[in-house]
file upload-v1.cif (mmCIF, C-alpha atoms)
data_structure
#
loop_
_atom_site.group_PDB
_atom_site.id
_atom_site.type_symbol
_atom_site.label_atom_id
_atom_site.label_comp_id
_atom_site.auth_asym_id
_atom_site.auth_seq_id
_atom_site.Cartn_x
_atom_site.Cartn_y
_atom_site.Cartn_z
ATOM 1 C CA MET R 1 63.657 116.838 107.886
ATOM 2 C CA ARG R 2 64.810 118.128 104.514
ATOM 3 C CA LYS R 3 61.769 120.404 104.297
ATOM 4 C CA LEU R 4 62.455 121.829 107.761
ATOM 5 C CA VAL R 5 66.066 122.647 106.886
ATOM 6 C CA PHE R 6 64.940 124.185 103.606
ATOM 7 C CA LEU R 7 62.360 126.401 105.338
ATOM 8 C CA THR R 8 64.907 127.562 107.919
ATOM 9 C CA ILE R 9 67.526 128.746 105.426
ATOM 10 C CA LEU R 10 65.179 129.887 102.652
ATOM 11 C CA PHE R 11 64.866 133.419 104.013
ATOM 12 C CA ILE R 12 68.603 133.965 104.575
ATOM 13 C CA ALA R 13 70.249 132.257 101.624
ATOM 14 C CA SER R 14 67.929 131.744 98.658
ATOM 15 C CA GLY R 15 68.722 135.143 97.166
ATOM 16 C CA SER R 16 72.511 134.890 97.101
ATOM 17 C CA LEU R 17 72.227 133.242 93.722
ATOM 18 C CA PHE R 18 72.425 134.136 90.060
ATOM 19 C CA GLY R 19 69.514 134.391 87.656
ATOM 20 C CA CYS R 20 68.805 134.884 83.970
ATOM 21 C CA SER R 21 67.340 137.570 81.765
ATOM 22 C CA SER R 22 63.969 138.227 80.177
ATOM 23 C CA ASN R 23 62.766 137.488 76.646
ATOM 24 C CA GLU R 24 63.422 141.118 75.632
ATOM 25 C CA ALA R 25 67.128 141.032 76.411
ATOM 26 C CA ALA R 26 70.299 138.988 76.487
ATOM 27 C CA ILE R 27 72.568 138.342 79.443
ATOM 28 C CA ILE R 28 75.891 140.154 79.271
ATOM 29 C CA ASP R 29 78.621 137.537 79.080
ATOM 30 C CA ILE R 30 81.285 137.543 81.765
ATOM 31 C CA PRO R 31 84.661 136.296 80.453
ATOM 32 C CA ASP R 32 85.305 132.689 81.416
ATOM 33 C CA GLU R 33 88.413 133.393 83.447
ATOM 34 C CA PRO R 34 89.533 130.874 86.069
ATOM 35 C CA ILE R 35 89.318 131.967 89.706
ATOM 36 C CA PRO R 36 92.820 131.826 91.241
ATOM 37 C CA GLN R 37 91.829 129.529 94.115
ATOM 38 C CA SER R 38 95.413 128.761 95.164
ATOM 39 C CA SER R 39 96.226 132.376 96.018
ATOM 40 C CA PHE R 40 93.460 132.671 98.633
ATOM 41 C CA GLU R 41 92.826 131.191 102.030
ATOM 42 C CA MET R 42 89.125 131.181 101.160
ATOM 43 C CA ILE R 43 86.676 132.492 98.566
ATOM 44 C CA GLY R 44 83.255 133.337 99.941
ATOM 45 C CA GLU R 45 80.340 135.750 100.103
ATOM 46 C CA ILE R 46 80.455 138.750 102.422
ATOM 47 C CA VAL R 47 77.584 138.482 104.903
ATOM 48 C CA GLY R 48 78.745 140.887 107.578
ATOM 49 C CA PHE R 49 81.241 143.553 108.622
ATOM 50 C CA GLY R 50 82.770 144.343 111.998
ATOM 51 C CA PRO R 51 85.415 146.764 113.296
ATOM 52 C CA GLY R 52 88.377 145.779 111.123
ATOM 53 C CA THR R 53 86.840 142.389 110.252
ATOM 54 C CA VAL R 54 84.772 140.749 107.534
ATOM 55 C CA GLU R 55 82.435 137.753 107.855
ATOM 56 C CA LEU R 56 82.347 135.317 104.939
ATOM 57 C CA LEU R 57 79.944 132.499 104.088
ATOM 58 C CA TYR R 58 81.359 129.469 102.290
ATOM 59 C CA ASN R 59 79.723 126.042 102.016
ATOM 60 C CA GLY R 60 77.286 126.950 104.764
ATOM 61 C CA LYS R 61 80.078 127.901 107.183
ATOM 62 C CA LEU R 62 80.615 131.407 108.576
ATOM 63 C CA THR R 63 84.204 132.567 109.138
ATOM 64 C CA ILE R 64 85.457 135.923 110.463
ATOM 65 C CA PHE R 65 88.729 137.331 109.134
ATOM 66 C CA PRO R 66 90.675 140.277 110.633
ATOM 67 C CA LEU R 67 91.835 142.734 107.970
ATOM 68 C CA THR R 68 95.081 144.645 107.565
ATOM 69 C CA THR R 69 93.308 148.022 107.300
ATOM 70 C CA MET R 70 89.798 149.433 107.353
ATOM 71 C CA GLU R 71 89.410 148.423 103.704
ATOM 72 C CA THR R 72 85.820 147.215 104.080
ATOM 73 C CA SER R 73 84.563 150.528 102.656
ATOM 74 C CA ASP R 74 85.548 149.242 99.199
ATOM 75 C CA PHE R 75 83.407 146.090 99.469
ATOM 76 C CA TYR R 76 79.712 145.283 99.816
ATOM 77 C CA LEU R 77 77.388 142.794 101.482
ATOM 78 C CA GLY R 78 76.729 139.917 99.105
ATOM 79 C CA GLU R 79 79.980 140.437 97.205
ATOM 80 C CA MET R 80 82.145 137.430 96.335
ATOM 81 C CA VAL R 81 85.712 137.956 97.552
ATOM 82 C CA GLY R 82 88.928 136.072 98.145
ATOM 83 C CA VAL R 83 90.867 136.484 101.399
ATOM 84 C CA ALA R 84 94.653 136.217 101.401
ATOM 85 C CA ARG R 85 96.961 136.075 104.398
ATOM 86 C CA ILE R 86 99.486 138.908 104.615
ATOM 87 C CA GLU R 87 103.004 137.730 105.407
ATOM 88 C CA ASN R 88 104.940 140.564 106.985
ATOM 89 C CA GLU R 89 107.524 140.228 109.737
ATOM 90 C CA LEU R 90 106.590 143.687 111.041
ATOM 91 C CA LEU R 91 103.048 142.544 111.805
ATOM 92 C CA LEU R 92 102.654 141.275 115.350
ATOM 93 C CA ASP R 93 99.555 139.330 114.385
ATOM 94 C CA ASP R 94 100.283 136.780 111.669
ATOM 95 C CA SER R 95 96.560 136.146 111.074
ATOM 96 C CA VAL R 96 95.795 139.307 109.136
ATOM 97 C CA TYR R 97 94.135 139.253 105.727
ATOM 98 C CA THR R 98 93.367 141.379 102.691
ATOM 99 C CA LEU R 99 90.355 141.170 100.329
ATOM 100 C CA THR R 100 90.142 140.803 96.548
ATOM 101 C CA SER R 101 86.914 141.063 94.517
ATOM 102 C CA ILE R 102 86.020 137.958 92.537
ATOM 103 C CA VAL R 103 84.057 137.856 89.270
ATOM 104 C CA LYS R 104 82.418 134.458 88.899
ATOM 105 C CA PRO R 105 83.169 132.951 85.468
ATOM 106 C CA ASP R 106 79.783 131.199 85.218
ATOM 107 C CA THR R 107 76.530 132.734 86.424
ATOM 108 C CA ALA R 108 74.216 130.352 84.572
ATOM 109 C CA GLU R 109 74.187 127.546 87.149
ATOM 110 C CA ARG R 110 72.665 128.454 90.494
ATOM 111 C CA MET R 111 72.776 126.445 93.687
ATOM 112 C CA SER R 112 70.775 126.610 96.903
ATOM 113 C CA ALA R 113 72.489 126.878 100.288
ATOM 114 C CA MET R 114 72.044 123.095 100.537
ATOM 115 C CA GLY R 115 73.959 122.545 97.293
ATOM 116 C CA GLU R 116 70.900 121.696 95.169
ATOM 117 C CA ILE R 117 70.506 122.993 91.611
ATOM 118 C CA ILE R 118 67.926 125.774 91.261
ATOM 119 C CA HIS R 119 65.759 125.503 88.148
ATOM 120 C CA GLU R 120 63.633 128.210 86.536
ATOM 121 C CA ILE R 121 60.432 128.308 84.497
ATOM 122 C CA ASP R 122 58.184 131.044 83.092
ATOM 123 C CA GLY R 123 54.447 130.775 82.751
ATOM 124 C CA ILE R 124 50.950 131.887 83.745
ATOM 125 C CA VAL R 125 49.980 131.088 87.342
ATOM 126 C CA GLU R 126 46.584 129.374 87.502
ATOM 127 C CA THR R 127 45.354 127.610 90.661
ATOM 128 C CA ILE R 128 46.788 128.739 94.013
ATOM 129 C CA ASN R 129 46.255 126.518 97.068
ATOM 130 C CA THR R 130 47.603 126.725 100.605
ATOM 131 C CA ASN R 131 50.678 124.555 99.998
ATOM 132 C CA ASN R 132 50.936 124.352 96.206
ATOM 133 C CA PHE R 133 50.025 126.044 92.943
ATOM 134 C CA SER R 134 49.889 125.334 89.225
ATOM 135 C CA ILE R 135 51.612 127.236 86.434
ATOM 136 C CA GLN R 136 50.936 126.887 82.711
ATOM 137 C CA THR R 137 54.162 127.015 80.694
ATOM 138 C CA SER R 138 54.361 127.072 76.896
ATOM 139 C CA THR R 139 54.229 123.266 76.863
ATOM 140 C CA GLU R 140 52.546 121.922 80.020
ATOM 141 C CA LEU R 141 50.750 122.547 83.302
ATOM 142 C CA ILE R 142 53.093 122.104 86.277
ATOM 143 C CA TRP R 143 52.253 121.791 89.969
ATOM 144 C CA ILE R 144 54.778 123.196 92.471
ATOM 145 C CA GLU R 145 54.762 122.979 96.254
ATOM 146 C CA THR R 146 55.329 126.139 98.303
ATOM 147 C CA TYR R 147 55.590 127.217 101.931
ATOM 148 C CA ASP R 148 54.627 130.809 101.127
ATOM 149 C CA ASN R 149 52.163 131.695 98.365
ATOM 150 C CA GLN R 150 51.599 135.347 99.319
ATOM 151 C CA SER R 151 53.612 136.673 96.348
ATOM 152 C CA LEU R 152 51.835 134.469 93.805
ATOM 153 C CA VAL R 153 49.248 136.159 91.599
ATOM 154 C CA SER R 154 46.628 134.108 89.788
ATOM 155 C CA GLY R 155 46.540 134.908 86.071
ATOM 156 C CA ALA R 156 49.903 136.715 86.143
ATOM 157 C CA LYS R 157 52.944 135.861 84.073
ATOM 158 C CA MET R 158 55.603 134.920 86.599
ATOM 159 C CA LYS R 159 59.121 133.589 86.758
ATOM 160 C CA ILE R 160 59.536 130.735 89.263
ATOM 161 C CA ASP R 161 62.727 129.454 90.897
ATOM 162 C CA TYR R 162 62.304 125.898 92.172
ATOM 163 C CA LEU R 163 64.076 122.765 93.410
ATOM 164 C CA ASN R 164 63.426 119.330 91.906
ATOM 165 C CA TRP R 165 62.992 116.887 94.785
ATOM 166 C CA GLY R 166 62.122 113.952 92.563
ATOM 167 C CA ASP R 167 58.582 113.217 93.735
ATOM 168 C CA HIS R 168 57.653 116.909 93.720
ATOM 169 C CA LEU R 169 58.938 120.418 92.960
ATOM 170 C CA MET R 170 59.526 123.059 95.669
ATOM 171 C CA MET R 171 59.384 126.801 94.977
ATOM 172 C CA VAL R 172 62.343 128.890 96.134
ATOM 173 C CA GLN R 173 61.239 132.317 94.873
ATOM 174 C CA CYS R 174 58.828 133.905 92.390
ATOM 175 C CA TYR R 175 58.948 137.129 90.363
ATOM 176 C CA ASP R 176 55.994 138.955 88.838
ATOM 177 C CA GLU R 177 56.886 139.970 85.275
ATOM 178 C CA SER R 178 54.280 142.764 85.313
ATOM 179 C CA LEU R 179 56.262 144.560 88.063
ATOM 180 C CA ARG R 180 59.609 144.332 86.279
ATOM 181 C CA PHE R 181 61.195 147.604 85.138
ATOM 182 C CA LEU R 182 64.456 148.714 83.517
ATOM 183 C CA LEU R 183 67.051 150.915 85.192
ATOM 184 C CA THR R 184 70.112 152.463 83.545
ATOM 185 C CA LEU R 185 72.874 152.603 86.137
ATOM 186 C CA ALA R 186 74.392 156.026 86.814
ATOM 187 C CA GLU R 187 75.990 155.768 90.265
ATOM 188 C CA LYS R 188 77.112 153.243 92.889
ATOM 189 C CA GLU R 189 77.158 153.986 96.613
ATOM 190 C CA ARG R 190 77.636 152.095 99.876
ATOM 191 C CA SER R 191 75.250 152.245 102.817
ATOM 192 C CA GLU R 192 76.537 152.479 106.392
ATOM 193 C CA SER R 193 75.813 148.779 106.889
ATOM 194 C CA GLY R 194 77.702 147.829 103.701
ATOM 195 C CA ASN R 195 74.844 147.356 101.215
ATOM 196 C CA LEU R 196 75.405 148.347 97.595
ATOM 197 C CA ILE R 197 73.042 151.133 96.496
ATOM 198 C CA LEU R 198 72.549 151.614 92.756
ATOM 199 C CA THR R 199 71.070 154.845 91.419
ATOM 200 C CA GLY R 200 69.883 155.271 87.856
ATOM 201 C CA THR R 201 67.065 156.358 85.581
ATOM 202 C CA LEU R 202 63.944 154.544 84.437
ATOM 203 C CA GLU R 203 62.737 154.490 80.846
ATOM 204 C CA ASP R 204 60.641 157.624 81.468
ATOM 205 C CA GLY R 205 63.639 159.495 82.912
ATOM 206 C CA THR R 206 62.610 159.126 86.564
ATOM 207 C CA GLU R 207 65.542 158.716 88.979
ATOM 208 C CA LEU R 208 65.401 155.745 91.352
ATOM 209 C CA SER R 209 67.770 153.968 93.742
ATOM 210 C CA ILE R 210 67.795 150.263 94.599
ATOM 211 C CA GLN R 211 69.551 148.727 97.597
ATOM 212 C CA LEU R 212 70.936 145.223 97.211
ATOM 213 C CA ALA R 213 71.033 142.708 100.052
ATOM 214 C CA THR R 214 72.530 139.258 100.495
ATOM 215 C CA SER R 215 69.041 137.907 99.724
ATOM 216 C CA THR R 216 68.746 139.764 96.386
ATOM 217 C CA VAL R 217 68.940 137.362 93.440
ATOM 218 C CA LEU R 218 71.546 138.550 90.924
ATOM 219 C CA ASN R 219 72.889 137.315 87.597
ATOM 220 C CA PHE R 220 76.186 139.197 87.903
ATOM 221 C CA SER R 221 79.104 139.624 90.269
ATOM 222 C CA LEU R 222 79.054 142.968 92.081
ATOM 223 C CA ALA R 223 82.653 143.661 91.023
ATOM 224 C CA SER R 224 81.670 143.455 87.329
ATOM 225 C CA LEU R 225 78.890 146.051 87.466
ATOM 226 C CA GLU R 226 79.620 149.240 85.492
ATOM 227 C CA THR R 227 78.021 152.632 84.902
ATOM 228 C CA ASP R 228 75.529 152.682 81.991
ATOM 229 C CA ASP R 229 74.683 148.999 82.468
ATOM 230 C CA THR R 230 70.991 148.257 81.954
ATOM 231 C CA LEU R 231 69.348 146.409 84.840
ATOM 232 C CA ALA R 232 66.046 144.531 84.868
ATOM 233 C CA VAL R 233 64.652 145.015 88.379
ATOM 234 C CA TYR R 234 61.985 142.854 90.037
ATOM 235 C CA PRO R 235 60.601 144.789 93.056
ATOM 236 C CA GLN R 236 58.758 143.289 96.023
ATOM 237 C CA SER R 237 55.608 145.135 94.946
ATOM 238 C CA ALA R 238 54.470 147.799 92.492
ATOM 239 C CA VAL R 239 56.689 150.901 92.634
ATOM 240 C CA ASP R 240 55.011 154.221 93.304
ATOM 241 C CA LYS R 241 56.294 157.212 91.332
ATOM 242 C CA LYS R 242 57.058 158.971 94.621
ATOM 243 C CA THR R 243 59.338 156.125 95.738
ATOM 244 C CA SER R 244 63.039 157.009 95.754
ATOM 245 C CA LEU R 245 64.573 153.803 97.183
ATOM 246 C CA ILE R 246 63.442 150.179 96.926
ATOM 247 C CA HIS R 247 64.742 146.786 98.044
ATOM 248 C CA PRO R 248 64.271 144.474 95.024
ATOM 249 C CA LYS R 249 63.820 140.715 95.048
ATOM 250 C CA ARG R 250 65.927 140.227 91.935
ATOM 251 C CA VAL R 251 68.155 142.245 89.581
ATOM 252 C CA ASP R 252 69.402 141.034 86.194
ATOM 253 C CA ARG R 253 72.087 142.830 84.192
ATOM 254 C CA ILE R 254 71.037 142.899 80.529
ATOM 255 C CA GLN R 255 71.820 144.557 77.215
ATOM 256 C CA PHE R 256 69.485 145.294 74.356
ATOM 257 C CA ARG R 257 69.989 144.342 70.740
ATOM 258 C CA THR R 258 72.035 147.044 69.023
ATOM 259 C CA HIS R 259 69.901 147.029 65.869
ATOM 260 C CA ARG R 260 66.138 147.117 65.451
ATOM 261 C CA THR R 261 64.330 147.053 62.147
ATOM 262 C CA ILE R 262 61.966 149.991 61.649
ATOM 263 C CA VAL R 263 59.215 149.529 59.062
ATOM 264 C CA LYS R 264 58.153 152.824 57.471
ATOM 265 C CA PRO R 265 54.818 153.202 55.662
ATOM 266 C CA ILE R 266 54.881 153.418 51.870
ATOM 267 C CA LEU R 267 53.857 156.880 50.670
ATOM 268 C CA GLU R 268 51.617 156.842 47.593
#

call {"tool": "encode", "arguments": {"input": "upload-v1.cif", "output": "structure tokens"}}
result
Amino acid sequence: MRKLVFLTILFIASGSLFGCSSNEAAIIDIPDEPIPQSSFEMIGEIVGFGPGTVELLYNGKLTIFPLTTMETSDFYLGEMVGVARIENELLLDDSVYTLTSIVKPDTAERMSAMGEIIHEIDGIVETINTNNFSIQTSTELIWIETYDNQSLVSGAKMKIDYLNWGDHLMMVQCYDESLRFLLTLAEKERSESGNLILTGTLEDGTELSIQLATSTVLNFSLASLETDDTLAVYPQSAVDKKTSLIHPKRVDRIQFRTHRTIVKPILE
């Protein structure tokens, strides 16, 4: 039964989680500031917009809140927000709310929609079977069960998100390190449906846009993202140079070391 529930929600909720960075970079720290829970009716993830309403997901429950104004244009799908009731005697409807962006204080621990801890490993994928595969890490060979092995590549270095079910491990998502690229953020936009679109430049100067969805795995809160941030992007497949917009599987916000040692040759 647990496997059936997991398979059902895997495609709609596994990506609304937070990841970690690569070996070449360090995660940007978000200040450990407490979330003011008491000032909100609810804190949840935006999963939908309607005319003057917002739909939030919290603890597996969907709730629709009417808003005081058409303020949804300032928020995005997948964003964590708090909703507060507006108390105003002039309002005929006392169930009207306003939104506030929330920056999560801790993005290291990730949970599935079922409340299970998501673990992560890096390694070289070896044997791929119908329902499981093996991956060689720096210390051991690990077997992981999977319902979908289409994104796995034998011989590739991959990052694997998985659940530990005691008697076996279950893959949540995988990311091919050979497809990963860096993007320097230049502009943020909002699609008509409410998705956040990020436009920036690649290392070779090429301009590219990425559109985030509620299924995109992130290691940052949308409200904390700033221009000139460096993003490590994991696309669904190899990106063609003619591509102008992609829908990535995962995006990590990173920063490079500020100092690198350069060794110059000795002139005789």

call {"tool": "residues_around", "arguments": {"input": "upload-v1.cif", "residues": "region 48-65 of chain R", "least_positions_apart": "3", "cutoff": "10 Å", "atoms": "all atoms listed in the file", "output": "MDAnalysis selection string"}}
result
chainID R and resid 9 13 42:45 68:73 75:85 95:99 113:115 193:195 214

call {"tool": "resolve_selection", "arguments": {"input": "upload-v1.cif", "expression": "the PyMOL selection byres ((chain R and resi 177) around 8)", "output": "count of residues only"}}
result
10

call {"tool": "closest_residue", "arguments": {"input": "upload-v1.cif", "among": "R:Thr137, R:Gln236, R:Asn131, R:Thr230", "to": "Cys174 (chain R)", "atoms": "only C-alpha atoms"}}
result
R:Gln236

call {"tool": "resolve_selection", "arguments": {"input": "upload-v1.cif", "expression": "the PyMOL selection byres ((chain R and resi 197) around 8)", "output": "list in words"}}
result
Lys188, Glu189, Arg190, Ser191, Asn195, Leu196, Leu198, Thr199, Ser209, Ile210, Gln211 and Leu212 of chain R

call {"tool": "atom_distance", "arguments": {"input": "upload-v1.cif", "atom1": "CA of Asp74 (chain R)", "atom2": "CA of Gly205 (chain R)"}}
result
29.2 Å
